[in-house]
Each structure stands twice: as structure tokens, then as C-alpha cells.
Amino acid sequence: MAIWCKAMGLRTCRRMILTGVLAFLLALGMACEGDPTAVLTGTSPPSDQVGPTASPGAPSTPEAAATVPAPSSPTEAAATAESATPPAPRPTSPAAPATPSPGPTETPSSLPLVITDSNGNDVIFEEPPQRIVAYNAVAVETLFAMGEGHRVAGTHDFVTYPPEADAVPRVGDAFNVNAEKILETDPDLIYVFFASSYDQVKDLGIKVLYLESPTTLDGIPQRMRMWGQITGNVDAAETLAAAYEARLDAVLGKLSAVSRGPRILYDVGGAWTVGPDTIIGQLLDLLKAENVAGDLEGWSQISPEVVVERDPEVIITGTAQEFLGNPAFQDVSAVKSRRLYSVEPSGVLSVFGPRFIEGVEGLARLLHPNVFAFPAVVTDSNGNDVTFDAPPERIVALTSVVVEILFALGEGHRIVGTHDFVSYPPEADSVPRMGTAFQVNTEQVVAADPDLISVFYASSYEQVEDLGPTVLYLESPSTLDGIPDRMRLWGRITGKWEAGERLALEFETKLNAILDRLASLEQGPRLFHDDSLLYTRGPGTVLGQVYDLLKVQNIAHDIDRYGQLAPEVLVERDPEVIITTFPTRVQELMEDPAFQEVSAVKNGRVYVVQPDGLVSVFGTRFIEGIEFLARVIHPDRFE
């Protein structure tokens, strides 16, 4: 599991771990009903409020509608979203309403403000709290989105967004409170969403507001408005909530002419899925998808036999390989057509805050790609939004990554120009060259009459930004996760959503297969990566991240990104494997008298990555480069 975490990045790993805690708590708190091989092998509490019109009186469903599977071990720690509220045992009486009072039409002048918490207690606010300990990712995201992040004095370990929240002290996790650290932050309000957290803080002598996660889609903007009331910033909260509602209405408006969407399985790992009484279940209904778990309650487990029988056409999952690699699912429509998707970025559907609408829009696009293809908005590396109302017909791609991806998507015919260094695929040889990646021939670009110019280098952007056509400036991916994300992005831009998802999925599946073979390995050999003249790559680079995943000991560990290693340091650190990207370097290193005592030279373990660009272009072939590295570094595991 730790290997998968490294592969997919910390943000996705946190969701995956969270789902494991959810499944573990379910197993502890609830007994299976009936035959364990039946469809329903675990349940959350029943709800008589099914669908988006439900009232808030039911027990809350988990906020963690994660798109990743449950961990293999229930002892793994919980992660990102507080949304991991586990289903509770069936209640003997209705839970108290969690909806804040007063409603959104109130103003700060209505103080004192009274909010009824999830225990049915009234919590009174005479004035806005100045220092809030928020054991709740939704609250943190909402407060920062309102411009009230300065009030957050503490939060829990699983909060990952926004980046500004990284500076906020962590005072426990979503379930285990550190009372001493809380008191050190000197708060005047503690906000929790989980019953056990409430029990741990209720006697600290500080005002506590305990509200379970929203149980309906309407509850999400209501919670935003509540924070406007609490902080006195009603206008900002109303703006945030209204924007959410407007975007949701826009999605539903586009679906008004759609009579039926695809059959869908929303998998959170181990065939745990969502019933129609969860927020995600309500969302699937609004998006006109046919939930194959439509007869289940809450968060439930569905058997493989029933998945096959109900034949989902789309599967939302964080680990597609669980389906692709399982012979039992090979005749399932979603597997045959490769319509297995994740929802990115992390947290957009697992935290019921301001970004949830991004997840709604993303899920709508995956379910109805023809309806939601455009407009597509991409934020460039300058922070500017670039809007595509239709696929670009003529693209000048001054980046090898884009050329590789477009041809892999079957969209290479759109490329009317590129740069001199492009060497793959062979079909790109016939595309006119318009300068280098750094020095653009603007006259040739203009003559090609493009409607989009794609660049990855700042100086190239400056040379073409005023030429007239739309310019998309995106730097090369800085993380391994960014490579399949870039494939998805160009799928969006060209209107080939499904092709982009399939391309990204293939990359992720192959990567997971490599890491699975290394799962039991504790440590690999010492390694030096030579880009020529002993210039090398440290752990801050994408290739450095790959070496970390492959469990090698990078002897350039103290060089963050790119740098040159002194010959005597190379000898001292004695790499057992040397990787180089230039064929001539193998002989040079093997014959250099200074390196004759280096283990890699003595044992003939100096390798060149071929063909050119396999590990230097972060495109579709990069996974082939990773496979090559894995084979030469660990030959015993990749025979």
C-alpha cells in the first residue's frame, strides 16, 4: 500500500487510507445481515430521506466519497477528509437536525446567533469567534474561500487544502483530539463533525459546535452560509454559496434534454459503494446515471457477482486495476470499453466544501462527455484561465510532450507546426519545424495560421503571446502524477475525454504493476543518474521521484533538482548502478581511470536509456522508460 501511495501522490494516498478506516469502522460496528455472499454485506443506517429533497434529520452519511479503494489493512491511519464519518448503528430515535439556524437571509445584526448542533443543543454566538480550531476539512476550505482563513488557529492532520492551510497548527487527526495542543492555540471556538471528537473536547471549557456532515446536496451551500453568519462575513458566504448553486444549476440545465445516463458503479474500494441515500448517490441521480447499487442503503458492499450481473457501463474508482486485472470482470461493459475513471483533483468529491462543485462538473463530464465537452477552461502556468469553446483545429505544439500525447489520442492531424527537437512519433517527422523549444520562428508560426500555440517554456511564451492566436503556456509536469493528468487535460482540450482518460489509465495501470513487483523489497542498490559530465537529477525532479519509487538509493540525494557531482564524490558514494541518457557516456564512464573502483563500473552495470527521450520527455512513452529502469535496476524481479 505504501508503494501505491508513493505512486499516486500523497493527496490520493490520503483518500485511500481514509476509505480503509471507513471500512474498518463499519466492520467493527455492524454485523453482516444474511448470507455473507449476498449483495449487501455491510450497511450504514437507513435513511427515509432519499434524494436531493431529503431533510437534514437523518444521520449523516460519510463525507468521504473517496474514489480510491480501501487499504489492505484496517490499521492504516485515516486520511484527508473528515468526511470519513463511519456509518453508525441503526438509531432508535431520529437524530437532531444539523441544519444551521438562522437561515441565509439573516445578517450579522441578528446577533446573538443560535445554531442547533447535532446533539440538539443550542450553541449561542454573541460575537464572531476570533480563533477557531476546525476539526473539519470542509470548515477549513470554506473559511479560507471566504477570506476568513486567518481565524483558523488549528486543524487536524488530514487537511490538505488550500495550500495556505499548511501553515495552520495540527492538533490531532479527525478522530483523535490533542487537547493540550488545542489549549495552546487559545481558541474561542472548536468545531467538530464527529461524535467522538465532540466527546473529547466538550469539557475543555471552550465553546464547541458539533455538526455532522451534510446529508443532502442542499446542505453544502447551507453550511457555507452558516459560516457567513458565524464570522459576520455574510456577503462573502452568500457569494460563495450562490456561485455553487449557479454552477450546479448550469450542470443540471445542460442535462435537461438527457433522458438517461449510463449505468454506473461508484467504487470506494473493495466493492464498497454508495446507495441513493448518500450525497454521492443523490448526485448520481441528479446526473441521470443509473446507480447499480440503487437498492442498497448508505455505504454498502456489493458482491462481484452482482457487479457482473448489473453490468455498469462506467466505473468510478481510484484503482482501475482491481477491475481490469480481475478475470471475473472481463465481460463488464465498463471494463471492455475502458470507461473506468477517477475524479481529480483529490478531495473534490470527498470533502463537501466549495470545491465539491468541481467534482460535480468533472463527474458530469465523464458520464456525459458529449454534453459537457465545452467550454473547457484550463489554468496556465501564469495563473491565467484559457477558455476553449471548441477543439482547436490547427495547433502549433512547441513541446514534445504535447506532440506525443496528441498523436496517442489520435489527434495528431491537428498539429500544423512543432520545434526542431521533436523526435517521436515517426508521423511527426512530416510536421513543419518552426524553431527550437526556446527560440521560436514567429514568421513560420503566423504563416501556419494556427488557432492554438502550445508552449512549455517562459521565453517561448513571451515570443508568441502577442501573435494573435490563443496561447497555452504549461510548464512540464513537476510530479509523476502530473503526467497522466496532462493526458487527461489534452483529452479535454480536443474533446476526446474518454481517449484522454484511457491513455492516463493505461499509464497508471502499468505503473502500479511495476510497483506491485517491488512491494516486498525494502531497499534497492545505490544509483547515479548521469545526464553527461556528471550532471545529475535529485529527488526534487520527476525522475528523482521515479527512483524513489523504484527504491534505489540515489547518491545525489543532497541535490534537490539538477546539479553536478564532483568525480571524487561519485567515487566516495560508490554507486552500484549508473544510468545515462547518452550512448557515448557508457564507454566514457567505463574507461575513465578515476572510476575503475566504482562498483557499477567494476560489475558492468552502466546502462543507457534508449531510445532517446524515453525518460526525458514526460509524455506517453515515459512509462516505458520507467519499465526499462525497473528491469535494469531489479533484474531479478523483472525477468
# chains A, B, ... in the order shown; residues from 1 in each chain; ligands from 1
$ residues_around --residues "stretch 618-626 of chain A" --least-positions-apart "4" --cutoff "8 Å" --atoms "only C-alpha atoms" --output "PyMOL selection string"
chain A and resi 400-402+404-405+408+476-477+483+487+503+507+510-511+546+609+614+630
$ write_last_selection --atoms "C-alpha atoms" --output "mmCIF file, in the first residue's frame"
data_model
loop_
_atom_site.group_PDB
_atom_site.id
_atom_site.type_symbol
_atom_site.label_atom_id
_atom_site.label_comp_id
_atom_site.auth_asym_id
_atom_site.auth_seq_id
_atom_site.Cartn_x
_atom_site.Cartn_y
_atom_site.Cartn_z
ATOM 1 C CA SER A 400 7.439 17.255 -27.369
ATOM 2 C CA VAL A 401 5.056 16.188 -24.586
ATOM 3 C CA VAL A 402 2.057 17.656 -26.384
ATOM 4 C CA GLU A 404 3.343 12.670 -28.201
ATOM 5 C CA ILE A 405 0.018 12.980 -26.404
ATOM 6 C CA ALA A 408 -1.536 8.995 -28.984
ATOM 7 C CA SER A 476 6.425 20.433 -17.918
ATOM 8 C CA PRO A 477 4.798 18.331 -15.180
ATOM 9 C CA ILE A 483 1.961 13.118 -16.412
ATOM 10 C CA MET A 487 -3.040 13.339 -20.852
ATOM 11 C CA LEU A 503 -4.446 6.984 -22.011
ATOM 12 C CA PHE A 507 -0.098 4.844 -17.689
ATOM 13 C CA LYS A 510 1.387 -0.020 -15.865
ATOM 14 C CA LEU A 511 2.973 1.997 -13.073
ATOM 15 C CA VAL A 546 10.733 7.655 -10.015
ATOM 16 C CA VAL A 609 18.272 4.554 -21.715
ATOM 17 C CA LEU A 614 12.238 7.810 -23.114
ATOM 18 C CA ALA A 630 12.923 -1.154 -13.260
#
$ select_by_dssp --residues "stretch 455-552 of chain A" --states "strand (DSSP E or B)" --output "number ranges by chain"
A: 455, 470-473, 526-530, 535-537
$ write_last_selection --atoms "N, CA, C and O atoms" --output "PDB file, in the first residue's frame"
ATOM      1  N   VAL A 455       3.055  26.074 -25.653  1.00  0.00           N
ATOM      2  CA  VAL A 455       4.461  26.216 -25.269  1.00  0.00           C
ATOM      3  C   VAL A 455       4.636  25.749 -23.837  1.00  0.00           C
ATOM      4  O   VAL A 455       3.692  25.733 -23.049  1.00  0.00           O
ATOM      5  N   THR A 470      -4.698  31.956 -29.778  1.00  0.00           N
ATOM      6  CA  THR A 470      -4.713  31.566 -28.371  1.00  0.00           C
ATOM      7  C   THR A 470      -3.393  30.879 -28.033  1.00  0.00           C
ATOM      8  O   THR A 470      -2.881  30.069 -28.813  1.00  0.00           O
ATOM      9  N   VAL A 471      -2.828  31.228 -26.885  1.00  0.00           N
ATOM     10  CA  VAL A 471      -1.577  30.613 -26.429  1.00  0.00           C
ATOM     11  C   VAL A 471      -1.835  29.889 -25.122  1.00  0.00           C
ATOM     12  O   VAL A 471      -2.420  30.449 -24.189  1.00  0.00           O
ATOM     13  N   LEU A 472      -1.409  28.637 -25.051  1.00  0.00           N
ATOM     14  CA  LEU A 472      -1.492  27.869 -23.809  1.00  0.00           C
ATOM     15  C   LEU A 472      -0.073  27.577 -23.331  1.00  0.00           C
ATOM     16  O   LEU A 472       0.671  26.826 -23.960  1.00  0.00           O
ATOM     17  N   TYR A 473       0.280  28.209 -22.214  1.00  0.00           N
ATOM     18  CA  TYR A 473       1.621  28.045 -21.646  1.00  0.00           C
ATOM     19  C   TYR A 473       1.517  27.136 -20.427  1.00  0.00           C
ATOM     20  O   TYR A 473       0.969  27.522 -19.396  1.00  0.00           O
ATOM     21  N   ARG A 526      22.483   1.312  -4.688  1.00  0.00           N
ATOM     22  CA  ARG A 526      22.894   2.715  -4.834  1.00  0.00           C
ATOM     23  C   ARG A 526      22.961   3.049  -6.325  1.00  0.00           C
ATOM     24  O   ARG A 526      23.456   2.249  -7.113  1.00  0.00           O
ATOM     25  N   LEU A 527      22.470   4.240  -6.683  1.00  0.00           N
ATOM     26  CA  LEU A 527      22.359   4.577  -8.111  1.00  0.00           C
ATOM     27  C   LEU A 527      22.817   6.009  -8.365  1.00  0.00           C
ATOM     28  O   LEU A 527      22.591   6.914  -7.556  1.00  0.00           O
ATOM     29  N   PHE A 528      23.450   6.174  -9.542  1.00  0.00           N
ATOM     30  CA  PHE A 528      23.793   7.521 -10.018  1.00  0.00           C
ATOM     31  C   PHE A 528      23.204   7.703 -11.401  1.00  0.00           C
ATOM     32  O   PHE A 528      23.379   6.857 -12.287  1.00  0.00           O
ATOM     33  N   HIS A 529      22.477   8.800 -11.594  1.00  0.00           N
ATOM     34  CA  HIS A 529      21.925   9.128 -12.910  1.00  0.00           C
ATOM     35  C   HIS A 529      22.810  10.196 -13.538  1.00  0.00           C
ATOM     36  O   HIS A 529      22.968  11.304 -12.996  1.00  0.00           O
ATOM     37  N   ASP A 530      23.357   9.883 -14.710  1.00  0.00           N
ATOM     38  CA  ASP A 530      24.278  10.788 -15.390  1.00  0.00           C
ATOM     39  C   ASP A 530      23.630  11.355 -16.642  1.00  0.00           C
ATOM     40  O   ASP A 530      23.288  10.622 -17.575  1.00  0.00           O
ATOM     41  N   TYR A 535      26.477  15.683 -14.582  1.00  0.00           N
ATOM     42  CA  TYR A 535      25.256  16.400 -14.187  1.00  0.00           C
ATOM     43  C   TYR A 535      24.181  15.355 -13.882  1.00  0.00           C
ATOM     44  O   TYR A 535      24.062  14.349 -14.593  1.00  0.00           O
ATOM     45  N   THR A 536      23.433  15.602 -12.859  1.00  0.00           N
ATOM     46  CA  THR A 536      22.516  14.578 -12.375  1.00  0.00           C
ATOM     47  C   THR A 536      21.211  15.178 -11.891  1.00  0.00           C
ATOM     48  O   THR A 536      21.039  16.410 -11.921  1.00  0.00           O
ATOM     49  N   ARG A 537      20.304  14.315 -11.433  1.00  0.00           N
ATOM     50  CA  ARG A 537      18.974  14.744 -11.006  1.00  0.00           C
ATOM     51  C   ARG A 537      18.729  14.287  -9.573  1.00  0.00           C
ATOM     52  O   ARG A 537      18.942  13.124  -9.232  1.00  0.00           O
TER      53      ARG A 537
END
$ atom_distance --atom1 "atom CA of A:Leu480" --atom2 "atom CA of A:Asn384"
23.3 Å
$ closest_residue --among "A:Ser520, A:Arg502, A:Gln564, A:Thr541" --to "A:Thr479" --atoms "only C-alpha atoms"
A:Thr541
$ closest_atom_pairs --of "stretch 443-519 of chain A" --to "stretch 547-550 of chain A" --cutoff "12 Å" --atoms "only C-alpha atoms" --output "JSON lines"
{"residue": "A:Leu480", "atom": "CA", "partner": "A:Leu549", "partner_atom": "CA", "distance": 10.2}
{"residue": "A:Leu511", "atom": "CA", "partner": "A:Leu549", "partner_atom": "CA", "distance": 9.9}
{"residue": "A:Asn512", "atom": "CA", "partner": "A:Leu549", "partner_atom": "CA", "distance": 10.6}
{"residue": "A:Ile514", "atom": "CA", "partner": "A:Leu550", "partner_atom": "CA", "distance": 8.6}
{"residue": "A:Leu515", "atom": "CA", "partner": "A:Leu550", "partner_atom": "CA", "distance": 7.4}
{"residue": "A:Asp516", "atom": "CA", "partner": "A:Leu550", "partner_atom": "CA", "distance": 10.6}
{"residue": "A:Arg517", "atom": "CA", "partner": "A:Leu550", "partner_atom": "CA", "distance": 10.0}
{"residue": "A:Leu518", "atom": "CA", "partner": "A:Leu550", "partner_atom": "CA", "distance": 7.3}
{"residue": "A:Ala519", "atom": "CA", "partner": "A:Leu550", "partner_atom": "CA", "distance": 9.7}
$ write_last_selection --atoms "N, CA and C atoms" --output "compact mmCIF listing (two decimals), in the first residue's frame"
# COMPACT_ATOMS: atom_id res chain seq x y z
N LEU A 480 5.13 13.06 -10.79
CA LEU A 480 4.75 11.90 -11.57
C LEU A 480 3.25 11.88 -11.82
N LEU A 511 2.15 1.58 -14.21
CA LEU A 511 2.97 2.00 -13.07
C LEU A 511 2.66 1.15 -11.84
N ASN A 512 1.39 0.93 -11.59
CA ASN A 512 1.01 0.12 -10.44
C ASN A 512 1.54 -1.31 -10.56
N ILE A 514 4.30 -2.24 -12.00
CA ILE A 514 5.72 -2.18 -11.65
C ILE A 514 5.90 -2.15 -10.13
N LEU A 515 5.15 -1.29 -9.50
CA LEU A 515 5.31 -1.11 -8.06
C LEU A 515 4.85 -2.33 -7.28
N ASP A 516 3.88 -3.04 -7.81
CA ASP A 516 3.44 -4.28 -7.15
C ASP A 516 4.58 -5.28 -7.07
N ARG A 517 5.41 -5.35 -8.10
CA ARG A 517 6.53 -6.30 -8.10
C ARG A 517 7.59 -5.91 -7.07
N LEU A 518 7.60 -4.65 -6.70
CA LEU A 518 8.62 -4.18 -5.75
C LEU A 518 8.07 -4.04 -4.33
N ALA A 519 6.83 -4.46 -4.15
CA ALA A 519 6.16 -4.20 -2.87
C ALA A 519 6.91 -4.79 -1.69
$ atom_distance --atom1 "atom CA of A:Phe407" --atom2 "atom CA of A:Ser454"
14.7 Å
$ atom_distance --atom1 "atom CA of A:Ala237" --atom2 "atom CA of A:Pro187"
22.0 Å
$ residues_around --residues "A:Asp449" --least-positions-apart "5" --cutoff "12 Å" --atoms "only C-alpha atoms" --output "list of chain:residue names"
A:Pro392, A:Glu393, A:Arg394, A:Ile395, A:Val396, A:Arg414, A:Ile415, A:Val416, A:Gly417, A:Thr442, A:Glu443, A:Gln444, A:Leu467, A:Gly468, A:Pro469, A:Thr470
$ closest_atom_pairs --of "stretch 395-499 of chain A" --to "stretch 358-379 of chain A" --cutoff "9 Å" --atoms "only C-alpha atoms" --output "Markdown table"
| residue | atom | partner | partner_atom | distance |
| --- | --- | --- | --- | --- |
| A:Leu472 | CA | A:Val378 | CA | 8.4 |
| A:Leu474 | CA | A:Thr379 | CA | 8.6 |
| A:Leu489 | CA | A:Val378 | CA | 8.1 |
| A:Arg492 | CA | A:Ala376 | CA | 6.8 |
| A:Ile493 | CA | A:Ala376 | CA | 6.6 |
| A:Thr494 | CA | A:Ala373 | CA | 8.9 |
| A:Gly495 | CA | A:Ala373 | CA | 5.7 |
| A:Lys496 | CA | A:Ala373 | CA | 8.3 |
| A:Trp497 | CA | A:Pro369 | CA | 6.4 |
| A:Glu498 | CA | A:Leu366 | CA | 7.5 |
$ select_by_dssp --residues "stretch 131-345 of chain A" --states "helix (DSSP H, G or I)" --output "compact mmCIF listing (two decimals) with C-alpha atoms, in the first residue's frame"
# COMPACT_ATOMS: atom_id res chain seq x y z
CA ALA A 137 -11.71 20.00 6.21
CA VAL A 138 -14.99 21.47 4.96
CA ALA A 139 -14.83 24.25 7.52
CA VAL A 140 -11.19 24.98 6.72
CA GLU A 141 -11.79 25.14 2.96
CA THR A 142 -14.90 27.27 3.43
CA LEU A 143 -13.30 29.76 5.81
CA PHE A 144 -10.30 30.27 3.53
CA ALA A 145 -12.56 30.59 0.46
CA GLY A 149 -8.76 31.75 6.95
CA HIS A 150 -6.96 33.97 9.45
CA ARG A 151 -9.48 32.82 12.05
CA PRO A 163 -2.12 25.36 0.43
CA GLU A 164 -2.34 28.26 2.90
CA ALA A 165 -3.72 25.82 5.47
CA ASP A 166 -0.33 24.09 5.60
CA ALA A 167 0.81 26.81 8.00
CA ALA A 179 -6.42 18.53 23.96
CA GLU A 180 -3.12 20.03 25.11
CA LYS A 181 -2.32 21.41 21.66
CA ILE A 182 -5.85 22.78 21.37
CA LEU A 183 -5.47 24.73 24.59
CA GLU A 184 -2.11 26.08 23.37
CA ALA A 195 -19.25 12.42 17.75
CA SER A 196 -16.12 11.01 19.36
CA SER A 197 -14.29 14.28 18.73
CA TYR A 198 -17.10 16.13 20.47
CA ASP A 199 -16.78 13.84 23.47
CA GLN A 200 -13.06 14.62 23.67
CA VAL A 201 -13.43 18.42 23.65
CA GLY A 219 -26.77 21.17 2.85
CA ILE A 220 -23.47 22.12 1.23
CA PRO A 221 -24.31 25.76 0.35
CA GLN A 222 -26.31 26.00 3.60
CA ARG A 223 -23.14 25.21 5.52
CA MET A 224 -21.28 27.95 3.62
CA ARG A 225 -23.97 30.45 4.62
CA MET A 226 -23.75 29.26 8.20
CA TRP A 227 -20.08 30.23 8.32
CA GLY A 228 -21.01 33.64 6.95
CA GLN A 229 -23.36 34.04 9.91
CA ILE A 230 -20.78 32.84 12.43
CA THR A 231 -17.96 35.06 11.16
CA VAL A 234 -22.38 37.19 5.22
CA ASP A 235 -21.67 38.75 1.84
CA ALA A 236 -18.65 36.56 1.11
CA ALA A 237 -20.52 33.44 2.22
CA GLU A 238 -23.52 34.31 0.08
CA THR A 239 -21.26 34.90 -2.92
CA LEU A 240 -19.63 31.50 -2.37
CA ALA A 241 -22.92 29.67 -1.90
CA ALA A 242 -24.63 31.41 -4.80
CA ALA A 243 -21.74 30.56 -7.11
CA TYR A 244 -22.01 26.91 -6.05
CA GLU A 245 -25.74 26.87 -6.73
CA ALA A 246 -25.36 28.63 -10.07
CA ARG A 247 -22.76 26.12 -11.25
CA LEU A 248 -24.92 23.21 -10.10
CA ASP A 249 -27.92 24.70 -11.91
CA ALA A 250 -25.80 25.08 -15.05
CA VAL A 251 -24.86 21.40 -14.92
CA LEU A 252 -28.46 20.34 -14.44
CA GLY A 253 -29.62 22.69 -17.16
CA LYS A 254 -27.33 21.00 -19.68
CA ILE A 279 -24.90 12.63 -1.08
CA ILE A 280 -22.97 10.91 -3.85
CA GLY A 281 -25.98 8.69 -4.50
CA GLN A 282 -28.16 11.80 -4.77
CA LEU A 283 -25.63 13.32 -7.12
CA LEU A 284 -25.65 10.27 -9.39
CA ASP A 285 -29.43 10.53 -9.53
CA LEU A 286 -29.28 14.22 -10.45
CA PRO A 304 -18.61 -9.26 -7.67
CA GLU A 305 -21.42 -11.45 -8.98
CA VAL A 306 -23.90 -8.60 -8.72
CA VAL A 307 -21.47 -6.16 -10.37
CA VAL A 308 -21.23 -8.54 -13.32
CA GLU A 309 -24.98 -9.09 -13.41
CA ARG A 310 -25.82 -5.36 -13.31
CA GLN A 321 -6.56 -2.41 -11.93
CA GLU A 322 -8.81 -4.14 -9.39
CA PHE A 323 -11.32 -4.48 -12.22
CA LEU A 324 -9.05 -4.63 -15.26
CA PRO A 327 -10.94 -12.20 -14.76
CA ALA A 328 -14.37 -12.03 -13.15
CA PHE A 329 -14.98 -8.56 -14.59
CA SER A 333 -19.18 -3.16 -20.18
CA ALA A 334 -17.07 -0.55 -18.36
CA VAL A 335 -14.06 -2.88 -18.41
CA LYS A 336 -14.47 -3.83 -22.07
$ residues_around --residues "stretch 173-176 of chain A" --least-positions-apart "2" --cutoff "6 Å" --atoms "only C-alpha atoms" --output "PyMOL selection string"
chain A and resi 82+135+156-157+197
$ closest_residue --among "A:Arg338, A:Tyr457, A:Phe193, A:Gln610" --to "A:Ser381" --atoms "only C-alpha atoms"
A:Tyr457
$ closest_residue --among "A:Ala289, A:Leu452, A:Val386, A:Ala556" --to "A:Leu398" --atoms "only C-alpha atoms"
A:Leu452
$ closest_residue --among "A:Gly294, A:Gly410, A:Pro354, A:Gly154" --to "A:Glu427" --atoms "only C-alpha atoms"
A:Gly410
